[in-house]
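The structure appears below as structure tokens.
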Amino acid sequence: MRPFRRGGPRPVRALLALALSGVVVAGCSDSYAQSQADGPDHGGIAGGEQAPPKPPREANVALGTANARQSSGVVAAGAADAVYNYGPTVMVEGGKTRMWWCSQYSSAPPPGDDILYGEAPTADGPFTGPGGGAPVAVLSGSPGGFDGVHTCDPSVLRVGGTYYLYYTGAAGDHALGNAIGLATSSDGIHWTRAAGGQPILGPSHDVHRDNVYGAGQPSVVFLDGWYYLMFTDTTGRAAGWNGAGQFVIRSHDPAFRSGVEALGDGGFAPVAGTNAPRERSVVDGFSADLEWAGALDAFVIAHETATGTTLTFWDRDFTLQPYAPLTIPGAWKEGPGLVRRPDGHAPTSVTDPCDTVSLDVVRATAIGSAGAPTGLEHFGLDVHGAGGCSSPDRVTTTFDGVAMPSPDRRMDLFRRGERIRVDRRSVAVELAGEVVDRPLTPVGGIPVKATLKSATPVVHAYGRGYGVVLGDVLYGLPDTATVGLNGAEVTEIDPRQWDAYAPGLPLGG
């Protein structure tokens with residue numbers, strides 16, 4: 001399958017998704033974020049150990065669906081000269097919906113793909129720039145860099161106080177010229193390129209096919225201290241004849257500089273770097289998006305098929321498909337963007353958190369005057385039968401990363417089965433993946449493990465990162481964003497002193 005070609009200087013980036021015949025069945029490092037953060041141990045952004053393996057579960061369980069929905073029309077577009085709009089990433093945060101997508105502004109040199117930003121009350125739009133007006137270009141090509149002409153296909157996370165933008169970059173329409181870059185921000189609008197402006201992932205060159213796109217179309221989720229990166233690589237060994245396929249790697253480092261594990265036939269295994277052979281694809285398609293649904297205890301992959309956006313489900317290790325696929329019907333042309341929390345998880349249902357999960361996407365629905373996808377519209381449905389509170393273990397998975405009011409007017413943060421009471425709401429908001437504004441009954445039986453009081457000192461050890469000591473347990477922080485919010489000070493400690501504490505969970509992301 002050939003990528004779109006548009007008038008004028010254009011990338012080999014926008015891959016039209018193959019109409020598959022699937023069944024339709026209703027802290028971070030010094031260079032890349034806060035400058036003070038050092039390392040990927042349990043106090044840095046990586047934090048914590050992997051969750052213990054779960055007992056075997058059923059496969060291909062049918063989920064019920066209800067409340068199919070669609071916006072009344074286009075929800076977002078660039079200014080008048082933005083003749084294409086596609087490949088969105090969508091984040092629900094702070095009572096609004098934020099979206100970044102691929103377009104082009106003549107006012108944002110060089111002439112090539114730009115990443116635009118807009119925000120709206122809901123996914124039904126209309127998306128405007130900050131404060132109103134037209135959406136704004138927030139990342140454009142960097143002349144002389146690997147992304148010298150084009151920046152496209154954004155995927156945005158927030159972990160702690162740092163936003164991470166993963167994107168496709170290219171210096172022009174060159175064979176296998178696409179690669180994945182990373183930028184960071186404190187507000188999601190003003191971005192600084194990471195990794196010295198170099199790509200963090202490029203084509204593996206396992207196999208060269210007629211499709212010379214290369215590597216790109218990233219989608220990233222933060223779960224249990226791991227950054228999961230799903231992406232296209234038309235040179236991957238396990239890609240299809242036309243280059244279609246989605247590959248997954250993970251690391252505790254948001255820039256994937258070290259500790260990289262790649263998904264193969266035997267599960268995740270350490271590899272030398274991000275260009276290791278692509279041994280296994282998790283879905284046959286292009287331009288897909290990934291999220292984690294806690295109530296389903298499963299990853300969700302949104303990818304386009306003949307009749308709409310198909311949702312394919314995988315368990316935590318990508319070893320089993322616990323639910324039968326579903327499809328969100330309707331018009332499409334390119335790139336579903338799942339509506340996600342800042343950490344890339346599905347939002348919690350306030351009315352039925354144990355059994356209902358809302359799955360929503362924004363996708364391009366038409367081919368515009370430039371011969372490229374445009375017409376971003378919102379589609380969605382609810383799934384029932386999640387069983388998110390069927391056991392204590394499922395309860396903690398369902399509410400992982402959620403903060404809500406405590407009985408004593410403070411905030412409770414739920415992390416991997418632990419309930420951490422937080423004095424200041426602003427601190428809980430910074431550390432949580434999501435804030436629910438009322439207590440939810442299912443978490444009532446989870447005991448309070450520790451309390452993060454106002455002005456609790458933050459400790460830092462070189463090569464370890466940042467954390468707070470609650471009792472005799474050291475809980476990791478993703479960055480220094482909570483220092484000022486909690487009225488705290490930073491105390492330097494020796495790495496040996498750090499290692500002597502009992503390691504707790506990472507509190508952020």
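Labeling convention for the structure tokens: chains A, B, ... as they appear, residues from 1 per chain, ligands from 1 in order of appearance.
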
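Close contacts of Val300 of chain A, defined as residues with an atom at most 6 Å away when counting only C-alpha atoms, with chain neighbours fewer than 3 positions off set aside, comprise Leu290, Glu291, Thr312 and Phe313 of chain A.
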
At a cut-off of 10 Å, using only C-alpha atoms, what residues contact segment 73-82 of chain A? Leave out same-chain residues fewer than 4 positions from it and give the result as a PDB file with all heavy atoms, in the first residue's frame.
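Now in out-v9.pdb:
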```pdb
ATOM      1  N   TYR A  86      -5.293  15.175  10.335  1.00  0.00           N
ATOM      2  CA  TYR A  86      -5.429  13.742  10.609  1.00  0.00           C
ATOM      3  C   TYR A  86      -4.441  13.320  11.695  1.00  0.00           C
ATOM      4  O   TYR A  86      -3.631  14.107  12.180  1.00  0.00           O
ATOM      5  CB  TYR A  86      -5.218  12.912   9.336  1.00  0.00           C
ATOM      6  CG  TYR A  86      -3.821  12.951   8.761  1.00  0.00           C
ATOM      7  CD1 TYR A  86      -2.855  12.021   9.142  1.00  0.00           C
ATOM      8  CD2 TYR A  86      -3.469  13.921   7.829  1.00  0.00           C
ATOM      9  CE1 TYR A  86      -1.577  12.055   8.612  1.00  0.00           C
ATOM     10  CE2 TYR A  86      -2.190  13.962   7.296  1.00  0.00           C
ATOM     11  CZ  TYR A  86      -1.245  13.024   7.692  1.00  0.00           C
ATOM     12  OH  TYR A  86       0.025  13.075   7.170  1.00  0.00           O
ATOM     13  N   MET A  99      -6.223  18.161  22.202  1.00  0.00           N
ATOM     14  CA  MET A  99      -5.912  17.344  21.030  1.00  0.00           C
ATOM     15  C   MET A  99      -4.761  17.954  20.240  1.00  0.00           C
ATOM     16  O   MET A  99      -4.685  19.167  20.046  1.00  0.00           O
ATOM     17  CB  MET A  99      -7.148  17.193  20.136  1.00  0.00           C
ATOM     18  CG  MET A  99      -6.941  16.226  18.969  1.00  0.00           C
ATOM     19  SD  MET A  99      -8.497  15.645  18.249  1.00  0.00           S
ATOM     20  CE  MET A  99      -9.067  17.150  17.448  1.00  0.00           C
ATOM     21  N   TRP A 101      -2.686  17.162  16.453  1.00  0.00           N
ATOM     22  CA  TRP A 101      -2.862  16.392  15.226  1.00  0.00           C
ATOM     23  C   TRP A 101      -1.958  16.933  14.128  1.00  0.00           C
ATOM     24  O   TRP A 101      -1.293  17.954  14.288  1.00  0.00           O
ATOM     25  CB  TRP A 101      -4.330  16.398  14.790  1.00  0.00           C
ATOM     26  CG  TRP A 101      -4.888  17.708  14.317  1.00  0.00           C
ATOM     27  CD1 TRP A 101      -4.966  18.162  13.027  1.00  0.00           C
ATOM     28  CD2 TRP A 101      -5.479  18.748  15.122  1.00  0.00           C
ATOM     29  NE1 TRP A 101      -5.569  19.405  12.987  1.00  0.00           N
ATOM     30  CE2 TRP A 101      -5.899  19.776  14.237  1.00  0.00           C
ATOM     31  CE3 TRP A 101      -5.704  18.894  16.499  1.00  0.00           C
ATOM     32  CZ2 TRP A 101      -6.511  20.945  14.702  1.00  0.00           C
ATOM     33  CZ3 TRP A 101      -6.326  20.051  16.952  1.00  0.00           C
ATOM     34  CH2 TRP A 101      -6.711  21.060  16.065  1.00  0.00           C
ATOM     35  N   CYS A 102      -1.954  16.226  13.007  1.00  0.00           N
ATOM     36  CA  CYS A 102      -1.063  16.523  11.889  1.00  0.00           C
ATOM     37  C   CYS A 102      -1.773  17.408  10.873  1.00  0.00           C
ATOM     38  O   CYS A 102      -2.888  17.107  10.449  1.00  0.00           O
ATOM     39  CB  CYS A 102      -0.619  15.219  11.230  1.00  0.00           C
ATOM     40  SG  CYS A 102       0.635  15.436   9.944  1.00  0.00           S
ATOM     41  N   SER A 103      -1.133  18.513  10.502  1.00  0.00           N
ATOM     42  CA  SER A 103      -1.683  19.425   9.510  1.00  0.00           C
ATOM     43  C   SER A 103      -0.532  20.202   8.890  1.00  0.00           C
ATOM     44  O   SER A 103       0.622  19.765   8.957  1.00  0.00           O
ATOM     45  CB  SER A 103      -2.726  20.353  10.159  1.00  0.00           C
ATOM     46  OG  SER A 103      -3.403  21.101   9.181  1.00  0.00           O
ATOM     47  N   GLN A 104      -0.848  21.350   8.317  1.00  0.00           N
ATOM     48  CA  GLN A 104       0.207  22.179   7.734  1.00  0.00           C
ATOM     49  C   GLN A 104      -0.237  23.638   7.709  1.00  0.00           C
ATOM     50  O   GLN A 104      -1.339  23.952   7.260  1.00  0.00           O
ATOM     51  CB  GLN A 104       0.542  21.718   6.313  1.00  0.00           C
ATOM     52  CG  GLN A 104       1.723  22.463   5.701  1.00  0.00           C
ATOM     53  CD  GLN A 104       2.046  21.980   4.303  1.00  0.00           C
ATOM     54  OE1 GLN A 104       1.502  22.489   3.333  1.00  0.00           O
ATOM     55  NE2 GLN A 104       2.908  20.993   4.209  1.00  0.00           N
ATOM     56  N   TYR A 105       0.637  24.515   8.215  1.00  0.00           N
ATOM     57  CA  TYR A 105       0.424  25.962   8.160  1.00  0.00           C
ATOM     58  C   TYR A 105       1.541  26.600   7.338  1.00  0.00           C
ATOM     59  O   TYR A 105       2.731  26.323   7.579  1.00  0.00           O
ATOM     60  CB  TYR A 105       0.461  26.565   9.561  1.00  0.00           C
ATOM     61  CG  TYR A 105      -0.834  26.518  10.346  1.00  0.00           C
ATOM     62  CD1 TYR A 105      -0.839  26.830  11.698  1.00  0.00           C
ATOM     63  CD2 TYR A 105      -2.040  26.193   9.744  1.00  0.00           C
ATOM     64  CE1 TYR A 105      -2.012  26.809  12.445  1.00  0.00           C
ATOM     65  CE2 TYR A 105      -3.215  26.174  10.468  1.00  0.00           C
ATOM     66  CZ  TYR A 105      -3.206  26.482  11.814  1.00  0.00           C
ATOM     67  OH  TYR A 105      -4.371  26.464  12.540  1.00  0.00           O
ATOM     68  N   SER A 106       1.163  27.481   6.410  1.00  0.00           N
ATOM     69  CA  SER A 106       2.196  28.219   5.681  1.00  0.00           C
ATOM     70  C   SER A 106       2.936  29.185   6.599  1.00  0.00           C
ATOM     71  O   SER A 106       4.075  29.566   6.330  1.00  0.00           O
ATOM     72  CB  SER A 106       1.551  29.002   4.532  1.00  0.00           C
ATOM     73  OG  SER A 106       0.574  29.924   5.036  1.00  0.00           O
ATOM     74  N   SER A 107       2.303  29.538   7.716  1.00  0.00           N
ATOM     75  CA  SER A 107       2.929  30.463   8.664  1.00  0.00           C
ATOM     76  C   SER A 107       3.904  29.774   9.607  1.00  0.00           C
ATOM     77  O   SER A 107       4.523  30.436  10.443  1.00  0.00           O
ATOM     78  CB  SER A 107       1.841  31.151   9.495  1.00  0.00           C
ATOM     79  OG  SER A 107       1.056  30.185  10.190  1.00  0.00           O
ATOM     80  N   ASP A 113       4.711  19.066   7.066  1.00  0.00           N
ATOM     81  CA  ASP A 113       3.751  18.756   8.118  1.00  0.00           C
ATOM     82  C   ASP A 113       4.090  19.481   9.416  1.00  0.00           C
ATOM     83  O   ASP A 113       5.255  19.542   9.827  1.00  0.00           O
ATOM     84  CB  ASP A 113       3.736  17.254   8.402  1.00  0.00           C
ATOM     85  CG  ASP A 113       3.020  16.457   7.322  1.00  0.00           C
ATOM     86  OD1 ASP A 113       2.381  17.067   6.459  1.00  0.00           O
ATOM     87  OD2 ASP A 113       3.109  15.215   7.360  1.00  0.00           O
ATOM     88  N   ASP A 114       3.059  19.988  10.084  1.00  0.00           N
ATOM     89  CA  ASP A 114       3.169  20.595  11.408  1.00  0.00           C
ATOM     90  C   ASP A 114       2.237  19.851  12.357  1.00  0.00           C
ATOM     91  O   ASP A 114       1.247  19.243  11.940  1.00  0.00           O
ATOM     92  CB  ASP A 114       2.749  22.067  11.373  1.00  0.00           C
ATOM     93  CG  ASP A 114       3.499  22.872  10.337  1.00  0.00           C
ATOM     94  OD1 ASP A 114       4.742  22.814  10.345  1.00  0.00           O
ATOM     95  OD2 ASP A 114       2.840  23.538   9.511  1.00  0.00           O
ATOM     96  N   LEU A 116      -0.487  20.507  15.130  1.00  0.00           N
ATOM     97  CA  LEU A 116      -1.358  21.552  15.650  1.00  0.00           C
ATOM     98  C   LEU A 116      -1.911  21.134  17.007  1.00  0.00           C
ATOM     99  O   LEU A 116      -1.969  19.951  17.337  1.00  0.00           O
ATOM    100  CB  LEU A 116      -2.527  21.816  14.698  1.00  0.00           C
ATOM    101  CG  LEU A 116      -2.213  22.179  13.247  1.00  0.00           C
ATOM    102  CD1 LEU A 116      -3.488  22.685  12.560  1.00  0.00           C
ATOM    103  CD2 LEU A 116      -1.101  23.188  13.126  1.00  0.00           C
ATOM    104  N   TYR A 117      -2.344  22.143  17.766  1.00  0.00           N
ATOM    105  CA  TYR A 117      -2.947  21.911  19.082  1.00  0.00           C
ATOM    106  C   TYR A 117      -4.244  22.688  19.215  1.00  0.00           C
ATOM    107  O   TYR A 117      -4.335  23.853  18.821  1.00  0.00           O
ATOM    108  CB  TYR A 117      -1.996  22.344  20.199  1.00  0.00           C
ATOM    109  CG  TYR A 117      -2.662  22.366  21.566  1.00  0.00           C
ATOM    110  CD1 TYR A 117      -2.884  21.181  22.261  1.00  0.00           C
ATOM    111  CD2 TYR A 117      -3.101  23.563  22.132  1.00  0.00           C
ATOM    112  CE1 TYR A 117      -3.512  21.199  23.505  1.00  0.00           C
ATOM    113  CE2 TYR A 117      -3.720  23.583  23.372  1.00  0.00           C
ATOM    114  CZ  TYR A 117      -3.926  22.396  24.045  1.00  0.00           C
ATOM    115  OH  TYR A 117      -4.561  22.405  25.259  1.00  0.00           O
ATOM    116  N   GLY A 118      -5.265  22.024  19.805  1.00  0.00           N
ATOM    117  CA  GLY A 118      -6.511  22.686  20.130  1.00  0.00           C
ATOM    118  C   GLY A 118      -7.127  22.070  21.369  1.00  0.00           C
ATOM    119  O   GLY A 118      -6.747  20.972  21.791  1.00  0.00           O
ATOM    120  N   GLU A 119      -8.080  22.755  21.971  1.00  0.00           N
ATOM    121  CA  GLU A 119      -8.745  22.248  23.163  1.00  0.00           C
ATOM    122  C   GLU A 119     -10.236  22.583  23.088  1.00  0.00           C
ATOM    123  O   GLU A 119     -10.652  23.529  22.415  1.00  0.00           O
ATOM    124  CB  GLU A 119      -8.122  22.823  24.427  1.00  0.00           C
ATOM    125  CG  GLU A 119      -8.022  24.339  24.444  1.00  0.00           C
ATOM    126  CD  GLU A 119      -7.125  24.859  25.566  1.00  0.00           C
ATOM    127  OE1 GLU A 119      -6.009  24.333  25.763  1.00  0.00           O
ATOM    128  OE2 GLU A 119      -7.559  25.818  26.243  1.00  0.00           O
ATOM    129  N   ALA A 120     -11.038  21.762  23.792  1.00  0.00           N
ATOM    130  CA  ALA A 120     -12.489  21.891  23.736  1.00  0.00           C
ATOM    131  C   ALA A 120     -13.081  21.353  25.026  1.00  0.00           C
ATOM    132  O   ALA A 120     -12.414  20.611  25.772  1.00  0.00           O
ATOM    133  CB  ALA A 120     -13.044  21.128  22.535  1.00  0.00           C
ATOM    134  N   THR A 122     -15.361  19.024  25.284  1.00  0.00           N
ATOM    135  CA  THR A 122     -15.476  17.577  25.110  1.00  0.00           C
ATOM    136  C   THR A 122     -14.895  17.199  23.751  1.00  0.00           C
ATOM    137  O   THR A 122     -14.522  18.075  22.952  1.00  0.00           O
ATOM    138  CB  THR A 122     -16.945  17.109  25.167  1.00  0.00           C
ATOM    139  OG1 THR A 122     -17.623  17.549  23.976  1.00  0.00           O
ATOM    140  CG2 THR A 122     -17.664  17.664  26.403  1.00  0.00           C
ATOM    141  N   ALA A 123     -14.896  15.905  23.468  1.00  0.00           N
ATOM    142  CA  ALA A 123     -14.395  15.441  22.172  1.00  0.00           C
ATOM    143  C   ALA A 123     -15.300  15.854  21.021  1.00  0.00           C
ATOM    144  O   ALA A 123     -14.918  15.715  19.857  1.00  0.00           O
ATOM    145  CB  ALA A 123     -14.236  13.919  22.195  1.00  0.00           C
ATOM    146  N   ASP A 124     -16.497  16.365  21.311  1.00  0.00           N
ATOM    147  CA  ASP A 124     -17.377  16.860  20.264  1.00  0.00           C
ATOM    148  C   ASP A 124     -17.016  18.268  19.804  1.00  0.00           C
ATOM    149  O   ASP A 124     -17.697  18.829  18.932  1.00  0.00           O
ATOM    150  CB  ASP A 124     -18.827  16.840  20.744  1.00  0.00           C
ATOM    151  CG  ASP A 124     -19.420  15.434  20.742  1.00  0.00           C
ATOM    152  OD1 ASP A 124     -18.986  14.617  19.897  1.00  0.00           O
ATOM    153  OD2 ASP A 124     -20.287  15.146  21.576  1.00  0.00           O
ATOM    154  N   GLY A 125     -15.960  18.861  20.402  1.00  0.00           N
ATOM    155  CA  GLY A 125     -15.463  20.142  19.968  1.00  0.00           C
ATOM    156  C   GLY A 125     -16.393  21.292  20.295  1.00  0.00           C
ATOM    157  O   GLY A 125     -17.287  21.165  21.128  1.00  0.00           O
ATOM    158  N   PRO A 126     -16.197  22.433  19.619  1.00  0.00           N
ATOM    159  CA  PRO A 126     -15.151  22.696  18.639  1.00  0.00           C
ATOM    160  C   PRO A 126     -13.796  22.944  19.298  1.00  0.00           C
ATOM    161  O   PRO A 126     -13.724  23.586  20.350  1.00  0.00           O
ATOM    162  CB  PRO A 126     -15.643  23.957  17.923  1.00  0.00           C
ATOM    163  CG  PRO A 126     -16.440  24.675  18.975  1.00  0.00           C
ATOM    164  CD  PRO A 126     -17.107  23.600  19.781  1.00  0.00           C
ATOM    165  N   PHE A 127     -12.732  22.450  18.670  1.00  0.00           N
ATOM    166  CA  PHE A 127     -11.384  22.631  19.202  1.00  0.00           C
ATOM    167  C   PHE A 127     -10.815  23.953  18.701  1.00  0.00           C
ATOM    168  O   PHE A 127     -10.797  24.232  17.502  1.00  0.00           O
ATOM    169  CB  PHE A 127     -10.487  21.472  18.771  1.00  0.00           C
ATOM    170  CG  PHE A 127     -10.746  20.211  19.551  1.00  0.00           C
ATOM    171  CD1 PHE A 127     -11.775  19.358  19.175  1.00  0.00           C
ATOM    172  CD2 PHE A 127      -9.989  19.896  20.660  1.00  0.00           C
ATOM    173  CE1 PHE A 127     -12.034  18.184  19.889  1.00  0.00           C
ATOM    174  CE2 PHE A 127     -10.238  18.731  21.386  1.00  0.00           C
ATOM    175  CZ  PHE A 127     -11.266  17.869  21.004  1.00  0.00           C
ATOM    176  N   THR A 128     -10.352  24.754  19.651  1.00  0.00           N
ATOM    177  CA  THR A 128      -9.757  26.045  19.330  1.00  0.00           C
ATOM    178  C   THR A 128      -8.360  26.114  19.936  1.00  0.00           C
ATOM    179  O   THR A 128      -7.972  25.273  20.744  1.00  0.00           O
ATOM    180  CB  THR A 128     -10.603  27.199  19.891  1.00  0.00           C
ATOM    181  OG1 THR A 128     -10.578  27.137  21.328  1.00  0.00           O
ATOM    182  CG2 THR A 128     -12.050  27.110  19.407  1.00  0.00           C
ATOM    183  N   GLY A 129      -7.639  27.143  19.569  1.00  0.00           N
ATOM    184  CA  GLY A 129      -6.358  27.384  20.207  1.00  0.00           C
ATOM    185  C   GLY A 129      -6.557  27.835  21.642  1.00  0.00           C
ATOM    186  O   GLY A 129      -7.674  28.150  22.065  1.00  0.00           O
ATOM    187  N   GLY A 133      -9.884  31.158  19.157  1.00  0.00           N
ATOM    188  CA  GLY A 133      -9.211  31.360  17.886  1.00  0.00           C
ATOM    189  C   GLY A 133      -8.797  30.051  17.254  1.00  0.00           C
ATOM    190  O   GLY A 133      -9.135  28.956  17.724  1.00  0.00           O
ATOM    191  N   ALA A 134      -8.052  30.150  16.175  1.00  0.00           N
ATOM    192  CA  ALA A 134      -7.645  28.969  15.425  1.00  0.00           C
ATOM    193  C   ALA A 134      -6.650  28.129  16.223  1.00  0.00           C
ATOM    194  O   ALA A 134      -5.848  28.670  17.001  1.00  0.00           O
ATOM    195  CB  ALA A 134      -7.029  29.384  14.100  1.00  0.00           C
ATOM    196  N   PRO A 135      -6.680  26.798  16.058  1.00  0.00           N
ATOM    197  CA  PRO A 135      -5.637  25.959  16.655  1.00  0.00           C
ATOM    198  C   PRO A 135      -4.256  26.441  16.238  1.00  0.00           C
ATOM    199  O   PRO A 135      -4.086  27.025  15.156  1.00  0.00           O
ATOM    200  CB  PRO A 135      -5.952  24.572  16.100  1.00  0.00           C
ATOM    201  CG  PRO A 135      -7.428  24.600  15.837  1.00  0.00           C
ATOM    202  CD  PRO A 135      -7.694  26.000  15.347  1.00  0.00           C
ATOM    203  N   VAL A 136      -3.278  26.191  17.085  1.00  0.00           N
ATOM    204  CA  VAL A 136      -1.934  26.723  16.859  1.00  0.00           C
ATOM    205  C   VAL A 136      -0.966  25.608  16.492  1.00  0.00           C
ATOM    206  O   VAL A 136      -1.137  24.456  16.898  1.00  0.00           O
ATOM    207  CB  VAL A 136      -1.418  27.467  18.106  1.00  0.00           C
ATOM    208  CG1 VAL A 136      -2.253  28.707  18.351  1.00  0.00           C
ATOM    209  CG2 VAL A 136      -1.434  26.561  19.333  1.00  0.00           C
ATOM    210  N   ALA A 137       0.044  25.945  15.696  1.00  0.00           N
ATOM    211  CA  ALA A 137       1.124  25.011  15.394  1.00  0.00           C
ATOM    212  C   ALA A 137       2.101  24.998  16.564  1.00  0.00           C
ATOM    213  O   ALA A 137       2.601  26.053  16.964  1.00  0.00           O
ATOM    214  CB  ALA A 137       1.834  25.417  14.114  1.00  0.00           C
ATOM    215  N   VAL A 362     -11.274   9.948  17.783  1.00  0.00           N
ATOM    216  CA  VAL A 362     -11.398  11.021  16.794  1.00  0.00           C
ATOM    217  C   VAL A 362     -10.597  10.562  15.581  1.00  0.00           C
ATOM    218  O   VAL A 362      -9.456  10.104  15.723  1.00  0.00           O
ATOM    219  CB  VAL A 362     -10.877  12.355  17.335  1.00  0.00           C
ATOM    220  CG1 VAL A 362     -10.937  13.433  16.251  1.00  0.00           C
ATOM    221  CG2 VAL A 362     -11.682  12.789  18.555  1.00  0.00           C
ATOM    222  N   ARG A 363     -11.192  10.668  14.402  1.00  0.00           N
ATOM    223  CA  ARG A 363     -10.505  10.181  13.191  1.00  0.00           C
ATOM    224  C   ARG A 363     -10.887  11.041  11.990  1.00  0.00           C
ATOM    225  O   ARG A 363     -11.943  11.686  11.972  1.00  0.00           O
ATOM    226  CB  ARG A 363     -10.867   8.720  12.927  1.00  0.00           C
ATOM    227  CG  ARG A 363     -12.330   8.486  12.604  1.00  0.00           C
ATOM    228  CD  ARG A 363     -12.709   7.024  12.679  1.00  0.00           C
ATOM    229  NE  ARG A 363     -14.077   6.784  12.228  1.00  0.00           N
ATOM    230  CZ  ARG A 363     -14.872   5.840  12.697  1.00  0.00           C
ATOM    231  NH1 ARG A 363     -14.448   5.003  13.646  1.00  0.00           N
ATOM    232  NH2 ARG A 363     -16.089   5.666  12.218  1.00  0.00           N
ATOM    233  N   ALA A 364     -10.013  11.055  10.985  1.00  0.00           N
ATOM    234  CA  ALA A 364     -10.315  11.736   9.729  1.00  0.00           C
ATOM    235  C   ALA A 364     -11.366  10.942   8.967  1.00  0.00           C
ATOM    236  O   ALA A 364     -11.344   9.708   8.968  1.00  0.00           O
ATOM    237  CB  ALA A 364      -9.051  11.888   8.900  1.00  0.00           C
ATOM    238  N   THR A 365     -12.272  11.646   8.303  1.00  0.00           N
ATOM    239  CA  THR A 365     -13.406  10.984   7.656  1.00  0.00           C
ATOM    240  C   THR A 365     -13.513  11.257   6.165  1.00  0.00           C
ATOM    241  O   THR A 365     -14.413  10.727   5.508  1.00  0.00           O
ATOM    242  CB  THR A 365     -14.717  11.435   8.316  1.00  0.00           C
ATOM    243  OG1 THR A 365     -14.847  12.858   8.202  1.00  0.00           O
ATOM    244  CG2 THR A 365     -14.752  11.038   9.788  1.00  0.00           C
ATOM    245  N   ALA A 370      -6.497  18.607  -0.982  1.00  0.00           N
ATOM    246  CA  ALA A 370      -5.075  18.317  -1.187  1.00  0.00           C
ATOM    247  C   ALA A 370      -4.814  16.838  -1.422  1.00  0.00           C
ATOM    248  O   ALA A 370      -3.666  16.423  -1.511  1.00  0.00           O
ATOM    249  CB  ALA A 370      -4.271  18.795   0.019  1.00  0.00           C
ATOM    250  N   THR A 374      -8.782  14.458   6.012  1.00  0.00           N
ATOM    251  CA  THR A 374      -9.243  15.603   6.798  1.00  0.00           C
ATOM    252  C   THR A 374     -10.636  15.279   7.329  1.00  0.00           C
ATOM    253  O   THR A 374     -11.116  14.163   7.226  1.00  0.00           O
ATOM    254  CB  THR A 374      -9.223  16.898   5.963  1.00  0.00           C
ATOM    255  OG1 THR A 374      -9.337  18.022   6.827  1.00  0.00           O
ATOM    256  CG2 THR A 374     -10.289  16.901   4.903  1.00  0.00           C
ATOM    257  N   GLY A 375     -11.305  16.279   7.914  1.00  0.00           N
ATOM    258  CA  GLY A 375     -12.640  16.050   8.447  1.00  0.00           C
ATOM    259  C   GLY A 375     -12.620  15.264   9.740  1.00  0.00           C
ATOM    260  O   GLY A 375     -13.236  14.200   9.847  1.00  0.00           O
ATOM    261  N   LEU A 376     -11.936  15.776  10.761  1.00  0.00           N
ATOM    262  CA  LEU A 376     -11.844  15.077  12.049  1.00  0.00           C
ATOM    263  C   LEU A 376     -13.204  15.066  12.743  1.00  0.00           C
ATOM    264  O   LEU A 376     -13.797  16.119  12.999  1.00  0.00           O
ATOM    265  CB  LEU A 376     -10.810  15.761  12.944  1.00  0.00           C
ATOM    266  CG  LEU A 376      -9.351  15.632  12.502  1.00  0.00           C
ATOM    267  CD1 LEU A 376      -8.469  16.568  13.321  1.00  0.00           C
ATOM    268  CD2 LEU A 376      -8.868  14.181  12.650  1.00  0.00           C
ATOM    269  N   GLU A 377     -13.699  13.870  13.048  1.00  0.00           N
ATOM    270  CA  GLU A 377     -14.962  13.712  13.750  1.00  0.00           C
ATOM    271  C   GLU A 377     -14.798  12.738  14.908  1.00  0.00           C
ATOM    272  O   GLU A 377     -13.867  11.926  14.932  1.00  0.00           O
ATOM    273  CB  GLU A 377     -16.058  13.219  12.796  1.00  0.00           C
ATOM    274  CG  GLU A 377     -16.374  14.195  11.676  1.00  0.00           C
ATOM    275  CD  GLU A 377     -17.596  13.785  10.871  1.00  0.00           C
ATOM    276  OE1 GLU A 377     -18.499  13.133  11.442  1.00  0.00           O
ATOM    277  OE2 GLU A 377     -17.645  14.112   9.664  1.00  0.00           O
ATOM    278  N   HIS A 378     -15.715  12.835  15.864  1.00  0.00           N
ATOM    279  CA  HIS A 378     -15.697  12.007  17.078  1.00  0.00           C
ATOM    280  C   HIS A 378     -16.720  10.884  16.956  1.00  0.00           C
ATOM    281  O   HIS A 378     -17.864  11.118  16.568  1.00  0.00           O
ATOM    282  CB  HIS A 378     -16.015  12.889  18.292  1.00  0.00           C
ATOM    283  CG  HIS A 378     -16.355  12.123  19.530  1.00  0.00           C
ATOM    284  ND1 HIS A 378     -17.402  12.485  20.367  1.00  0.00           N
ATOM    285  CD2 HIS A 378     -15.809  11.005  20.082  1.00  0.00           C
ATOM    286  CE1 HIS A 378     -17.472  11.629  21.378  1.00  0.00           C
ATOM    287  NE2 HIS A 378     -16.516  10.729  21.223  1.00  0.00           N
TER     288      HIS A 378
END
```

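Taking atom CA of Ser287 of chain A as the reference point, atom CA of Gly330 of chain A is found at 17.0 Å.
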
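Proximity of A:Trp100, A:Phe286, A:Trp292, A:Phe268 to Phe318 of chain A, computed with only C-alpha atoms, is greatest for A:Phe268.
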
- Pick out each residue of segment 86-159 of chain A that DSSP on the backbone tags as strand (DSSP E); I need them as a PyMOL selection string. chain A and resi 86-93+96-103+114-120+136-139+150-159

- Task: Just the residues within 8 Å of Asn178 of chain A, please, counting only C-alpha atoms, with nothing from its chain fewer than 4 positions along; format it as a PyMOL selection string.
- Result: chain A and resi 12-13+168-171+202-203+213-216

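In this comparison, which uses only C-alpha atoms, the residue of A:Leu229, A:Leu477, A:Val468, A:Leu311 approaching Val361 of chain A most closely is A:Leu311.
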
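The nearest approach to Asp224 of chain A among the residues A:Ala62, A:Ala331, A:Val159, A:Ile301, with only C-alpha atoms taken into account, belongs to A:Val159.
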
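With only C-alpha atoms as the atoms that count, the residue of A:Ala238, A:Ala324, A:Leu223, A:Val427 with the shortest distance to Asp400 of chain A is A:Leu223.
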